[in-house]
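Everything below belongs to coords17.txt, which stores compact mmCIF, C-alpha atoms.
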```
# COMPACT_ATOMS: atom_id res chain seq x y z
CA MET A 18 93.56 119.20 130.45
CA SER A 19 90.96 117.48 132.64
CA ASP A 20 87.21 117.98 132.37
CA ASN A 21 84.08 116.00 133.20
CA THR A 22 82.76 115.36 129.68
CA LEU A 23 82.65 111.60 130.27
CA GLN A 24 81.82 111.57 133.96
CA SER A 25 80.07 108.27 134.86
CA LYS A 26 81.24 106.61 131.62
CA VAL A 27 83.13 103.30 131.70
CA VAL A 28 85.81 102.61 129.08
CA LEU A 29 87.63 99.30 128.52
CA VAL A 30 90.95 99.47 126.68
CA THR A 31 92.48 96.14 125.73
CA GLY A 32 96.27 96.24 125.88
CA GLY A 33 95.91 99.50 127.77
CA GLY A 34 99.41 99.44 129.20
CA GLY A 35 101.17 100.02 125.86
CA GLY A 36 101.97 103.28 124.13
CA ILE A 37 98.75 103.85 122.19
CA GLY A 38 96.64 102.13 124.83
CA SER A 39 97.99 104.23 127.69
CA ALA A 40 97.43 107.46 125.72
CA ILE A 41 93.80 106.43 125.15
CA CYS A 42 93.40 105.61 128.84
CA ARG A 43 94.78 109.01 129.86
CA ARG A 44 92.59 110.90 127.41
CA PHE A 45 89.40 109.28 128.67
CA ALA A 46 90.36 109.39 132.36
CA ASP A 47 91.10 113.11 132.02
CA ALA A 48 87.49 113.51 130.83
CA GLY A 49 86.21 111.80 133.99
CA ALA A 50 85.71 108.23 132.77
CA SER A 51 86.44 105.07 134.74
CA ILE A 52 88.99 102.94 132.88
CA VAL A 53 89.34 99.16 132.65
CA ILE A 54 92.84 98.21 131.47
CA THR A 55 93.58 94.70 130.28
CA TYR A 56 96.97 93.14 129.75
CA LYS A 57 98.44 89.76 128.85
CA ARG A 58 101.93 89.71 130.42
CA ASN A 59 103.11 93.09 131.69
CA LYS A 60 101.24 93.57 134.96
CA ASP A 61 103.57 96.28 136.27
CA GLN A 62 103.16 98.36 133.11
CA ALA A 63 99.36 98.14 133.22
CA GLU A 64 99.18 98.93 136.93
CA GLY A 65 101.58 101.83 136.43
CA VAL A 66 99.28 103.34 133.81
CA ALA A 67 96.24 102.88 136.07
CA ALA A 68 98.03 104.53 139.00
CA SER A 69 98.86 107.55 136.82
CA LEU A 70 95.27 108.18 135.75
CA ARG A 71 92.99 110.87 137.07
CA GLY A 72 90.35 109.46 139.42
CA GLY A 73 90.41 106.26 141.39
CA ASN A 74 87.61 104.07 140.08
CA HIS A 75 89.78 102.15 137.61
CA LEU A 76 90.37 98.43 137.16
CA VAL A 77 93.33 96.39 135.89
CA SER A 78 92.79 92.84 134.69
CA GLN A 79 95.00 90.15 133.19
CA THR A 80 92.70 89.26 130.32
CA PRO A 81 94.34 88.12 127.08
CA VAL A 82 92.01 88.90 124.20
CA ASP A 83 92.53 85.43 122.75
CA ASP A 84 91.26 83.78 125.96
CA THR A 85 87.46 83.63 125.67
CA ASP A 86 86.96 82.28 129.20
CA ALA A 87 89.00 85.16 130.63
CA GLN A 88 86.94 87.63 128.59
CA THR A 89 83.73 86.15 130.00
CA ARG A 90 85.06 86.42 133.55
CA LEU A 91 86.07 90.04 132.97
CA ALA A 92 82.58 90.87 131.70
CA GLU A 93 81.18 89.51 134.97
CA VAL A 94 83.62 91.62 137.00
CA VAL A 95 82.78 94.76 135.01
CA ALA A 96 79.06 94.08 135.47
CA GLN A 97 79.49 93.73 139.23
CA LYS A 98 81.71 96.80 139.62
CA TYR A 99 80.13 99.21 137.13
CA GLY A 100 76.85 97.67 135.91
CA LYS A 101 77.58 98.64 132.28
CA LEU A 102 80.28 99.39 129.75
CA ASP A 103 80.04 102.48 127.55
CA ILE A 104 83.09 102.16 125.31
CA LEU A 105 85.25 99.20 124.27
CA VAL A 106 88.55 100.03 122.58
CA ASN A 107 90.03 96.99 120.85
CA ASN A 108 93.63 98.14 121.02
CA ALA A 109 95.51 94.89 121.75
CA GLY A 110 97.43 93.59 118.77
CA ILE A 111 100.68 91.96 117.72
CA THR A 112 103.01 91.88 114.77
CA LYS A 113 106.59 91.01 113.78
CA PRO A 114 108.64 92.46 110.93
CA VAL A 115 108.86 90.02 108.03
CA PRO A 116 109.72 91.08 104.45
CA HIS A 117 106.67 90.58 102.27
CA ASP A 118 108.53 88.34 99.85
CA ASP A 119 109.89 86.07 102.59
CA LEU A 120 107.04 83.59 102.82
CA ASP A 121 109.22 81.00 104.54
CA MET A 122 109.86 83.33 107.48
CA LEU A 123 106.10 84.00 107.68
CA SER A 124 105.48 80.73 109.48
CA ASP A 125 102.11 79.09 110.10
CA SER A 126 102.48 79.71 113.82
CA LEU A 127 103.10 83.43 113.32
CA ILE A 128 100.16 83.75 110.92
CA ASP A 129 97.89 81.94 113.37
CA GLU A 130 99.04 84.08 116.30
CA ILE A 131 98.49 87.34 114.41
CA PHE A 132 94.98 86.39 113.36
CA ARG A 133 94.16 84.89 116.76
CA VAL A 134 95.00 88.14 118.56
CA ASN A 135 94.26 90.85 115.99
CA VAL A 136 91.07 89.38 114.52
CA ARG A 137 89.61 86.67 116.71
CA GLY A 138 90.55 88.63 119.83
CA ALA A 139 88.60 91.68 118.69
CA ILE A 140 85.51 89.61 117.92
CA ALA A 141 85.80 87.80 121.25
CA SER A 142 86.04 91.10 123.12
CA ILE A 143 82.93 92.47 121.45
CA ARG A 144 81.05 89.21 122.00
CA ALA A 145 81.93 89.15 125.70
CA MET A 146 81.08 92.82 126.29
CA ARG A 147 78.03 93.10 124.03
CA SER A 148 75.36 92.92 126.74
CA LEU A 149 77.21 95.49 128.87
CA LEU A 150 77.54 97.85 125.91
CA GLU A 151 73.83 97.43 125.20
CA ALA A 152 73.08 98.18 128.86
CA SER A 153 74.85 101.51 128.42
CA GLY A 154 72.19 102.66 125.98
CA ASP A 155 74.93 104.40 124.01
CA GLY A 156 77.53 101.70 123.38
CA LEU A 157 80.60 102.26 121.25
CA VAL A 158 83.32 99.93 119.96
CA VAL A 159 86.48 101.45 118.53
CA ASN A 160 88.81 99.06 116.74
CA ILE A 161 92.41 100.25 116.47
CA SER A 162 93.27 99.28 112.92
CA SER A 163 96.06 100.42 110.58
CA ILE A 164 96.37 101.94 107.13
CA ALA A 165 98.21 98.68 106.33
CA GLY A 166 94.76 97.15 105.96
CA ARG A 167 94.15 99.43 102.97
CA THR A 168 97.62 99.95 101.52
CA ALA A 169 98.93 96.39 102.08
CA VAL A 170 102.20 98.00 103.20
CA GLY A 171 103.18 97.05 106.71
CA SER A 172 105.27 94.87 108.99
CA ASN A 173 104.26 91.64 107.27
CA VAL A 174 101.64 90.21 104.91
CA ALA A 175 99.60 88.57 107.67
CA TYR A 176 99.53 91.77 109.72
CA CYS A 177 98.22 93.77 106.77
CA ALA A 178 95.56 91.13 106.12
CA SER A 179 94.55 91.08 109.79
CA LYS A 180 93.93 94.82 109.79
CA ALA A 181 91.91 94.57 106.57
CA ALA A 182 89.85 91.89 108.30
CA LEU A 183 89.41 94.14 111.34
CA ASP A 184 88.08 96.96 109.16
CA ASN A 185 85.66 94.52 107.53
CA ILE A 186 84.50 93.42 110.99
CA THR A 187 83.92 97.08 111.84
CA MET A 188 81.59 97.50 108.88
CA SER A 189 79.79 94.19 109.40
CA LEU A 190 79.17 94.73 113.11
CA ALA A 191 78.24 98.40 112.68
CA ARG A 192 75.31 97.11 110.67
CA ALA A 193 74.56 94.10 112.86
CA LEU A 194 74.73 95.85 116.25
CA ALA A 195 72.97 99.10 115.31
CA PRO A 196 71.30 101.09 116.68
CA THR A 197 72.36 100.24 120.25
CA ILE A 198 76.11 99.94 119.58
CA ARG A 199 78.24 101.98 117.17
CA VAL A 200 81.39 100.39 115.71
CA VAL A 201 84.22 102.46 114.21
CA SER A 202 87.83 101.79 113.16
CA VAL A 203 90.57 104.30 113.92
CA SER A 204 93.36 103.60 111.44
CA PRO A 205 96.82 105.02 112.19
CA GLY A 206 99.84 105.04 109.97
CA TRP A 207 103.27 104.89 111.59
CA VAL A 208 103.05 105.78 115.29
CA ASN A 209 106.02 107.03 117.26
CA GLY A 210 106.02 104.25 119.84
CA GLU A 211 107.89 101.12 120.87
CA TYR A 212 107.74 99.49 117.43
CA ALA A 213 108.83 102.60 115.53
CA GLN A 214 111.66 103.26 117.95
CA ARG A 215 113.17 99.87 117.10
CA MET A 216 113.42 100.86 113.44
CA PRO A 217 116.57 102.45 111.93
CA PRO A 218 116.38 106.28 112.08
CA GLU A 219 116.63 106.51 108.29
CA ILE A 220 113.45 104.44 107.90
CA LEU A 221 111.52 106.76 110.19
CA GLN A 222 112.85 109.80 108.37
CA GLN A 223 111.78 108.29 105.07
CA GLN A 224 108.27 107.86 106.44
CA ARG A 225 108.21 111.48 107.55
CA ASP A 226 109.44 112.64 104.16
CA PHE A 227 106.75 110.65 102.34
CA THR A 228 103.96 111.91 104.61
CA PRO A 229 102.33 115.16 103.46
CA LEU A 230 102.18 116.49 107.04
CA ARG A 231 105.89 115.67 107.41
CA ARG A 232 105.75 113.71 110.63
CA ILE A 233 104.54 110.39 111.93
CA ALA A 234 101.73 110.13 114.45
CA GLU A 235 102.12 110.33 118.18
CA ALA A 236 100.08 108.04 120.42
CA GLU A 237 98.16 111.13 121.51
CA ASP A 238 97.00 111.69 117.91
CA VAL A 239 95.38 108.26 117.95
CA ALA A 240 93.86 108.87 121.37
CA ALA A 241 92.43 112.20 120.16
CA ALA A 242 90.74 110.44 117.24
CA VAL A 243 89.20 107.79 119.51
CA TYR A 244 88.00 110.55 121.85
CA ALA A 245 86.48 112.46 118.94
CA VAL A 246 84.55 109.37 117.84
CA ALA A 247 83.18 109.03 121.38
CA THR A 248 82.29 112.66 122.00
CA GLN A 249 81.87 114.50 118.68
CA LEU A 250 81.30 112.06 115.80
CA ARG A 251 78.19 110.63 117.36
CA PHE A 252 76.39 110.01 114.06
CA THR A 253 79.29 107.96 112.74
CA THR A 254 79.34 104.18 112.56
CA GLY A 255 80.94 101.63 110.25
CA ALA A 256 83.60 104.16 109.26
CA ILE A 257 87.36 103.75 108.90
CA ILE A 258 88.93 106.96 110.22
CA PRO A 259 92.57 107.50 109.18
CA VAL A 260 95.16 109.05 111.48
CA ASP A 261 98.05 108.96 109.06
CA GLY A 262 99.01 112.52 108.04
CA GLY A 263 97.98 111.70 104.48
CA ARG A 264 100.64 109.00 104.17
CA PRO A 265 98.85 107.07 101.33
CA LEU A 266 99.12 110.25 99.22
CA GLY A 267 102.91 110.24 99.44
CA LEU A 268 105.41 108.47 97.20
```
Would you give me this structure, written as structure tokens?
Amino acid sequence: MSDNTLQSKVVLVTGGGGGIGSAICRRFADAGASIVITYKRNKDQAEGVAASLRGGNHLVSQTPVDDTDAQTRLAEVVAQKYGKLDILVNNAGITKPVPHDDLDMLSDSLIDEIFRVNVRGAIASIRAMRSLLEASGDGLVVNISSIAGRTAVGSNVAYCASKAALDNITMSLARALAPTIRVVSVSPGWVNGEYAQRMPPEILQQQRDFTPLRRIAEAEDVAAAVYAVATQLRFTTGAIIPVDGGRPLGL
């Protein structure tokens, strides 16, 4: 349902063309915000999401989060077009399934890529957009994390560690950037998206069975949590907000 709660607000969603990213874009556009969608490779997907959004003052940019120069250029474009940035959602991330005991398969190059995108990329995004978020007067950064950062159960060891690092960054920067910018992590469990759909059905059912609320998250559940942080939880910063159906309480 559309409203005008965030009319005049500008929201940047890194990796906004994917499942979780596109749900976040839709949720904020439906509330009247202008959306900046970044992508690395899939231009058609990102532009398709932008074309589907309510309103017409949106922007699509090929800006890999691990490319600092591209981030700097995007900040200049956002400044020229909008004059500020109200919300940055660090959604872009990568992983690859690797059994936790298979350290040979967890190659140096994969470890480096995961940390370059999931950790360094988030810091680089915040660094590039900091002055625009400060110009908002009510800046917010939402890092899309994972319960893997707390449970150490996830697609691979490096991925789990990268999400733990992202949560630590959330807490560090919530302190360092206050009071002009709030920083919060939204931490999903399994999400019914592209990655989950590649898993065997019995694995997904097992996750549902072990989750107290007996389902896995939808992308819209994550988007609703990000939206709540922006519009309702306005005295919250440095927090790690789970969207996991109570999964860590299961077997």
Shortest contact to Cys177 in chain A, candidates A:Ala213, A:Ala165, A:Leu194, A:Leu149, atoms counted only C-alpha atoms, goes to A:Ala165
Each residue of range 148-236 of chain A lying at most 8 Å from range 113-135 of chain A should get a row with its shortest atom-to-atom pair and the distance in Å to one decimal, counting only C-alpha atoms; could you produce that, ordered by chain and increasing number, as CSV?
```
residue,atom,partner,partner_atom,distance
A:Ser172,CA,A:Pro114,CA,4.6
A:Asn173,CA,A:Val115,CA,4.9
A:Val174,CA,A:His117,CA,5.7
A:Ala175,CA,A:Ile128,CA,5.8
A:Tyr176,CA,A:Ile131,CA,6.5
A:Ser179,CA,A:Phe132,CA,5.9
A:Lys180,CA,A:Asn135,CA,7.4
A:Leu183,CA,A:Asn135,CA,7.5
```
Sorted by chain and rising residue number, which residues of range 70-162 of chain A lie within 12 Å of range 220-241 of chain A, and what are their closest atom pairs and distances in Å to one decimal, counting all atoms listed in the file, as a tab-separated table?
```
residue	atom	partner	partner_atom	distance
A:Val106	CA	A:Ala240	CA	10.4
A:Asn108	CA	A:Val239	CA	10.7
A:Val159	CA	A:Ala240	CA	10.8
A:Asn160	CA	A:Val239	CA	11.4
A:Ile161	CA	A:Val239	CA	8.7
A:Ser162	CA	A:Val239	CA	10.5
```
Under the rule that only C-alpha atoms are counted, which of A:Asn21, A:Thr253, A:Thr197, A:Asn209 is the nearest residue to Leu150 in chain A?
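Closest candidate: A:Thr197.
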Handout entry: Residues within 8 Å of Cys42 in chain A, only C-alpha atoms, excluding chain neighbours under 5 positions, as a VMD selection string
Key = chain A and resid 30 33 52 54 70
Which residues are close to range 136-147 of chain A, i.e. within 9 Å by only C-alpha atoms, leaving aside same-chain residues fewer than 4 positions away? Reply as number ranges by chain. A: 31, 81-85, 88-92, 102, 105, 107-110, 131-132, 151-152, 156, 158, 160, 179-180, 182-183, 186, 194, 198
Written file, previous selection with C-alpha atoms, as an mmCIF file, in the coordinates of the input:
```cif
data_model
loop_
_atom_site.group_PDB
_atom_site.id
_atom_site.type_symbol
_atom_site.label_atom_id
_atom_site.label_comp_id
_atom_site.auth_asym_id
_atom_site.auth_seq_id
_atom_site.Cartn_x
_atom_site.Cartn_y
_atom_site.Cartn_z
ATOM 1 C CA THR A 31 92.480 96.140 125.730
ATOM 2 C CA PRO A 81 94.340 88.120 127.080
ATOM 3 C CA VAL A 82 92.010 88.900 124.200
ATOM 4 C CA ASP A 83 92.530 85.430 122.750
ATOM 5 C CA ASP A 84 91.260 83.780 125.960
ATOM 6 C CA THR A 85 87.460 83.630 125.670
ATOM 7 C CA GLN A 88 86.940 87.630 128.590
ATOM 8 C CA THR A 89 83.730 86.150 130.000
ATOM 9 C CA ARG A 90 85.060 86.420 133.550
ATOM 10 C CA LEU A 91 86.070 90.040 132.970
ATOM 11 C CA ALA A 92 82.580 90.870 131.700
ATOM 12 C CA LEU A 102 80.280 99.390 129.750
ATOM 13 C CA LEU A 105 85.250 99.200 124.270
ATOM 14 C CA ASN A 107 90.030 96.990 120.850
ATOM 15 C CA ASN A 108 93.630 98.140 121.020
ATOM 16 C CA ALA A 109 95.510 94.890 121.750
ATOM 17 C CA GLY A 110 97.430 93.590 118.770
ATOM 18 C CA ILE A 131 98.490 87.340 114.410
ATOM 19 C CA PHE A 132 94.980 86.390 113.360
ATOM 20 C CA GLU A 151 73.830 97.430 125.200
ATOM 21 C CA ALA A 152 73.080 98.180 128.860
ATOM 22 C CA GLY A 156 77.530 101.700 123.380
ATOM 23 C CA VAL A 158 83.320 99.930 119.960
ATOM 24 C CA ASN A 160 88.810 99.060 116.740
ATOM 25 C CA SER A 179 94.550 91.080 109.790
ATOM 26 C CA LYS A 180 93.930 94.820 109.790
ATOM 27 C CA ALA A 182 89.850 91.890 108.300
ATOM 28 C CA LEU A 183 89.410 94.140 111.340
ATOM 29 C CA ILE A 186 84.500 93.420 110.990
ATOM 30 C CA LEU A 194 74.730 95.850 116.250
ATOM 31 C CA ILE A 198 76.110 99.940 119.580
#
```
(Q) What does the structure give for the distance between CA of Ala181 in chain A and CA of Ser204 in chain A, in Å to one decimal? (A)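 CA of Ala181 in chain A sits 10.4 Å away from CA of Ser204 in chain A.
Note that the spacing between CA of Met216 in chain A and CA of Thr112 in chain A amounts to 13.8 Å.
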* Asked: Taking all atoms listed in the file into account, which of A:Ala256, A:Ala242, A:Ala68, A:Ala40 comes nearest Asp184 in chain A?
  ->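 The closest residue to Asp184 in chain A is A:Ala256.
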**Selected residue of minimal separation from Arg43 in chain A among A:Pro259, A:Val200, A:Val243, A:Lys101, counting only C-alpha atoms** =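 Between A:Pro259, A:Val200, A:Val243, A:Lys101, the residue approaching Arg43 in chain A most closely is A:Val243.
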Ala247 in chain A proximity check over A:Leu23, A:Ile164, A:Ala178, A:Ile37, using all atoms listed in the file: winner is A:Leu23
Atom pair CA of Ala191 in chain A + CA of Ser148 in chain A, distance 15.4 Å
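With all atoms listed in the file as the atoms that count, the residue of A:Leu157, A:Val66, A:Ala48, A:Val208 with the shortest distance to Gly262 in chain A is A:Val208.
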